[in-house]
Amino acid sequence: MASTKLVYLRRLLGRTVTEVAVEDSDSDLILTNVVLIEVGRDWCLFNQGGSGGLGNIWIPTRNIVAVII
């Protein structure tokens, strides 16, 4: 059975998300204006396009603490 976080993230597939807060033991990260491309059990794939964007970013699902649509 999928967790509540996975179900929520899968509902956002293909949508542009304003902010994603990522918490890690070494540092924290806030991604802005990203598109959620793929959601797996352990990883999520985001894309931050544009000339200053990071491109495709793999984030561990367990480290995502907040999503602002």
# chains A, B, ... in the order shown; residues from 1 in each chain; ligands from 1

call {"tool": "residues_around", "arguments": {"residues": "segment 49-64 of chain A", "least_positions_apart": "6", "cutoff": "9 Å", "atoms": "only C-alpha atoms", "output": "tab-separated table (two decimals) with N, CA, C and O atoms, in the first residue's frame"}}
result
chain	number	residue	atom	x	y	z
A	5	LYS	N	2.24	10.26	1.51
A	5	LYS	CA	3.15	11.14	0.78
A	5	LYS	C	3.25	10.73	-0.68
A	5	LYS	O	3.21	11.57	-1.58
A	6	LEU	N	3.38	9.44	-0.95
A	6	LEU	CA	3.47	8.96	-2.34
A	6	LEU	C	2.20	9.25	-3.12
A	6	LEU	O	2.25	9.67	-4.27
A	20	VAL	N	9.60	23.15	-3.40
A	20	VAL	CA	9.76	21.84	-2.77
A	20	VAL	C	10.87	21.99	-1.74
A	20	VAL	O	11.99	22.38	-2.08
A	21	ALA	N	10.56	21.71	-0.48
A	21	ALA	CA	11.56	21.78	0.58
A	21	ALA	C	12.13	20.39	0.82
A	21	ALA	O	11.38	19.43	1.02
A	22	VAL	N	13.46	20.31	0.77
A	22	VAL	CA	14.16	19.04	0.94
A	22	VAL	C	15.07	19.17	2.16
A	22	VAL	O	15.86	20.10	2.25
A	23	GLU	N	14.95	18.22	3.07
A	23	GLU	CA	15.76	18.22	4.29
A	23	GLU	C	16.76	17.08	4.23
A	23	GLU	O	16.41	15.95	3.88
A	24	ASP	N	18.01	17.38	4.55
A	24	ASP	CA	19.06	16.37	4.55
A	24	ASP	C	19.89	16.57	5.80
A	24	ASP	O	19.84	17.62	6.44
A	33	ASN	N	9.94	26.45	-8.71
A	33	ASN	CA	9.43	26.30	-10.07
A	33	ASN	C	9.96	25.05	-10.75
A	33	ASN	O	10.68	25.11	-11.74
A	34	VAL	N	9.61	23.92	-10.21
A	34	VAL	CA	10.03	22.63	-10.75
A	34	VAL	C	8.81	21.85	-11.21
A	34	VAL	O	7.69	22.06	-10.75
A	35	VAL	N	9.03	20.92	-12.14
A	35	VAL	CA	7.98	20.04	-12.63
A	35	VAL	C	8.29	18.64	-12.12
A	35	VAL	O	9.41	18.15	-12.26
A	37	ILE	N	8.29	14.95	-12.55
A	37	ILE	CA	8.27	14.09	-13.73
A	37	ILE	C	7.96	12.64	-13.38
A	37	ILE	O	7.21	11.97	-14.08
A	39	VAL	N	7.56	9.69	-9.93
A	39	VAL	CA	7.52	9.40	-8.50
A	39	VAL	C	7.70	7.90	-8.32
A	39	VAL	O	6.91	7.11	-8.83
A	40	GLY	N	8.75	7.53	-7.62
A	40	GLY	CA	8.99	6.13	-7.29
A	40	GLY	C	8.83	5.92	-5.80
A	40	GLY	O	8.56	6.85	-5.05
A	41	ARG	N	9.00	4.70	-5.38
A	41	ARG	CA	8.87	4.40	-3.95
A	41	ARG	C	9.97	5.08	-3.13
A	41	ARG	O	9.72	5.53	-2.01
A	42	ASP	N	11.16	5.18	-3.71
A	42	ASP	CA	12.29	5.76	-2.99
A	42	ASP	C	12.76	7.11	-3.52
A	42	ASP	O	13.42	7.85	-2.81
A	43	TRP	N	12.47	7.42	-4.77
A	43	TRP	CA	13.00	8.62	-5.41
A	43	TRP	C	11.93	9.37	-6.17
A	43	TRP	O	10.98	8.78	-6.66

call {"tool": "select_by_dssp", "arguments": {"residues": "chain A", "states": "strand (DSSP E)", "output": "number ranges by chain"}}
result
A: 16-23, 28-39, 43-48, 55-60, 64-68

call {"tool": "write_last_selection", "arguments": {"atoms": "N, CA and C atoms", "output": "mmCIF file, in the first residue's frame"}}
result
data_model
loop_
_atom_site.group_PDB
_atom_site.id
_atom_site.type_symbol
_atom_site.label_atom_id
_atom_site.label_comp_id
_atom_site.auth_asym_id
_atom_site.auth_seq_id
_atom_site.Cartn_x
_atom_site.Cartn_y
_atom_site.Cartn_z
ATOM 1 N N THR A 16 3.561 21.912 -12.501
ATOM 2 C CA THR A 16 4.608 22.797 -12.003
ATOM 3 C C THR A 16 4.335 23.093 -10.535
ATOM 4 N N VAL A 17 5.350 22.911 -9.721
ATOM 5 C CA VAL A 17 5.254 23.128 -8.280
ATOM 6 C C VAL A 17 6.062 24.364 -7.931
ATOM 7 N N THR A 18 5.499 25.256 -7.128
ATOM 8 C CA THR A 18 6.175 26.501 -6.781
ATOM 9 C C THR A 18 7.426 26.258 -5.942
ATOM 10 N N GLU A 19 7.307 25.457 -4.884
ATOM 11 C CA GLU A 19 8.465 25.177 -4.026
ATOM 12 C C GLU A 19 8.417 23.741 -3.508
ATOM 13 N N VAL A 20 9.595 23.149 -3.396
ATOM 14 C CA VAL A 20 9.760 21.842 -2.774
ATOM 15 C C VAL A 20 10.871 21.990 -1.738
ATOM 16 N N ALA A 21 10.559 21.711 -0.482
ATOM 17 C CA ALA A 21 11.556 21.785 0.580
ATOM 18 C C ALA A 21 12.126 20.394 0.819
ATOM 19 N N VAL A 22 13.456 20.312 0.775
ATOM 20 C CA VAL A 22 14.159 19.045 0.942
ATOM 21 C C VAL A 22 15.069 19.169 2.157
ATOM 22 N N GLU A 23 14.952 18.217 3.073
ATOM 23 C CA GLU A 23 15.761 18.217 4.294
ATOM 24 C C GLU A 23 16.760 17.077 4.226
ATOM 25 N N ASP A 28 20.029 21.722 3.778
ATOM 26 C CA ASP A 28 18.652 21.753 3.300
ATOM 27 C C ASP A 28 18.623 22.421 1.933
ATOM 28 N N LEU A 29 17.551 22.165 1.181
ATOM 29 C CA LEU A 29 17.451 22.667 -0.184
ATOM 30 C C LEU A 29 16.006 23.042 -0.451
ATOM 31 N N ILE A 30 15.815 24.169 -1.120
ATOM 32 C CA ILE A 30 14.486 24.549 -1.576
ATOM 33 C C ILE A 30 14.553 24.707 -3.082
ATOM 34 N N LEU A 31 13.782 23.895 -3.787
ATOM 35 C CA LEU A 31 13.708 23.971 -5.239
ATOM 36 C C LEU A 31 12.499 24.822 -5.600
ATOM 37 N N THR A 32 12.662 25.747 -6.533
ATOM 38 C CA THR A 32 11.555 26.601 -6.943
ATOM 39 C C THR A 32 11.220 26.362 -8.403
ATOM 40 N N ASN A 33 9.943 26.451 -8.711
ATOM 41 C CA ASN A 33 9.428 26.304 -10.073
ATOM 42 C C ASN A 33 9.960 25.045 -10.754
ATOM 43 N N VAL A 34 9.606 23.919 -10.206
ATOM 44 C CA VAL A 34 10.030 22.631 -10.753
ATOM 45 C C VAL A 34 8.807 21.847 -11.214
ATOM 46 N N VAL A 35 9.032 20.924 -12.138
ATOM 47 C CA VAL A 35 7.985 20.037 -12.631
ATOM 48 C C VAL A 35 8.288 18.636 -12.119
ATOM 49 N N LEU A 36 7.296 18.006 -11.528
ATOM 50 C CA LEU A 36 7.445 16.641 -11.031
ATOM 51 C C LEU A 36 7.246 15.681 -12.194
ATOM 52 N N ILE A 37 8.295 14.955 -12.547
ATOM 53 C CA ILE A 37 8.274 14.092 -13.728
ATOM 54 C C ILE A 37 7.960 12.640 -13.379
ATOM 55 N N GLU A 38 8.545 12.150 -12.297
ATOM 56 C CA GLU A 38 8.369 10.742 -11.943
ATOM 57 C C GLU A 38 8.396 10.594 -10.426
ATOM 58 N N VAL A 39 7.561 9.691 -9.929
ATOM 59 C CA VAL A 39 7.524 9.398 -8.498
ATOM 60 C C VAL A 39 7.695 7.898 -8.321
ATOM 61 N N TRP A 43 12.468 7.419 -4.773
ATOM 62 C CA TRP A 43 13.001 8.618 -5.414
ATOM 63 C C TRP A 43 11.929 9.373 -6.174
ATOM 64 N N CYS A 44 12.114 10.685 -6.288
ATOM 65 C CA CYS A 44 11.276 11.527 -7.131
ATOM 66 C C CYS A 44 12.190 12.252 -8.112
ATOM 67 N N LEU A 45 11.718 12.404 -9.335
ATOM 68 C CA LEU A 45 12.472 13.099 -10.362
ATOM 69 C C LEU A 45 11.790 14.422 -10.658
ATOM 70 N N PHE A 46 12.525 15.511 -10.442
ATOM 71 C CA PHE A 46 12.041 16.851 -10.734
ATOM 72 C C PHE A 46 12.850 17.424 -11.885
ATOM 73 N N ASN A 47 12.236 18.365 -12.611
ATOM 74 C CA ASN A 47 12.953 19.066 -13.665
ATOM 75 C C ASN A 47 12.815 20.555 -13.424
ATOM 76 N N GLN A 48 13.957 21.238 -13.413
ATOM 77 C CA GLN A 48 13.966 22.690 -13.287
ATOM 78 C C GLN A 48 14.568 23.232 -14.573
ATOM 79 N N GLY A 55 18.180 21.433 -14.394
ATOM 80 C CA GLY A 55 17.880 20.264 -15.225
ATOM 81 C C GLY A 55 17.130 19.235 -14.402
ATOM 82 N N ASN A 56 17.411 17.968 -14.622
ATOM 83 C CA ASN A 56 16.757 16.886 -13.884
ATOM 84 C C ASN A 56 17.430 16.673 -12.534
ATOM 85 N N ILE A 57 16.612 16.527 -11.494
ATOM 86 C CA ILE A 57 17.113 16.395 -10.135
ATOM 87 C C ILE A 57 16.432 15.200 -9.483
ATOM 88 N N TRP A 58 17.221 14.234 -9.012
ATOM 89 C CA TRP A 58 16.697 13.083 -8.276
ATOM 90 C C TRP A 58 16.735 13.418 -6.794
ATOM 91 N N ILE A 59 15.600 13.283 -6.124
ATOM 92 C CA ILE A 59 15.504 13.580 -4.692
ATOM 93 C C ILE A 59 14.938 12.347 -3.983
ATOM 94 N N PRO A 60 15.563 11.900 -2.887
ATOM 95 C CA PRO A 60 14.969 10.808 -2.113
ATOM 96 C C PRO A 60 13.603 11.237 -1.553
ATOM 97 N N ILE A 64 11.791 14.737 1.296
ATOM 98 C CA ILE A 64 10.875 15.819 0.931
ATOM 99 C C ILE A 64 9.980 16.103 2.126
ATOM 100 N N VAL A 65 10.039 17.349 2.625
ATOM 101 C CA VAL A 65 9.276 17.683 3.819
ATOM 102 C C VAL A 65 8.100 18.608 3.530
ATOM 103 N N ALA A 66 8.107 19.332 2.406
ATOM 104 C CA ALA A 66 7.004 20.230 2.084
ATOM 105 C C ALA A 66 6.936 20.467 0.595
ATOM 106 N N VAL A 67 5.697 20.587 0.081
ATOM 107 C CA VAL A 67 5.464 20.907 -1.324
ATOM 108 C C VAL A 67 4.433 22.026 -1.356
ATOM 109 N N ILE A 68 4.781 23.108 -2.026
ATOM 110 C CA ILE A 68 3.851 24.225 -2.188
ATOM 111 C C ILE A 68 3.468 24.302 -3.652
#

call {"tool": "select_by_dssp", "arguments": {"residues": "chain A", "states": "helix (DSSP H, G or I)", "output": "list in words"}}
result
Thr4, Lys5, Leu6, Val7, Tyr8, Leu9, Arg10, Arg11, Thr61, Arg62 and Asn63 of chain A
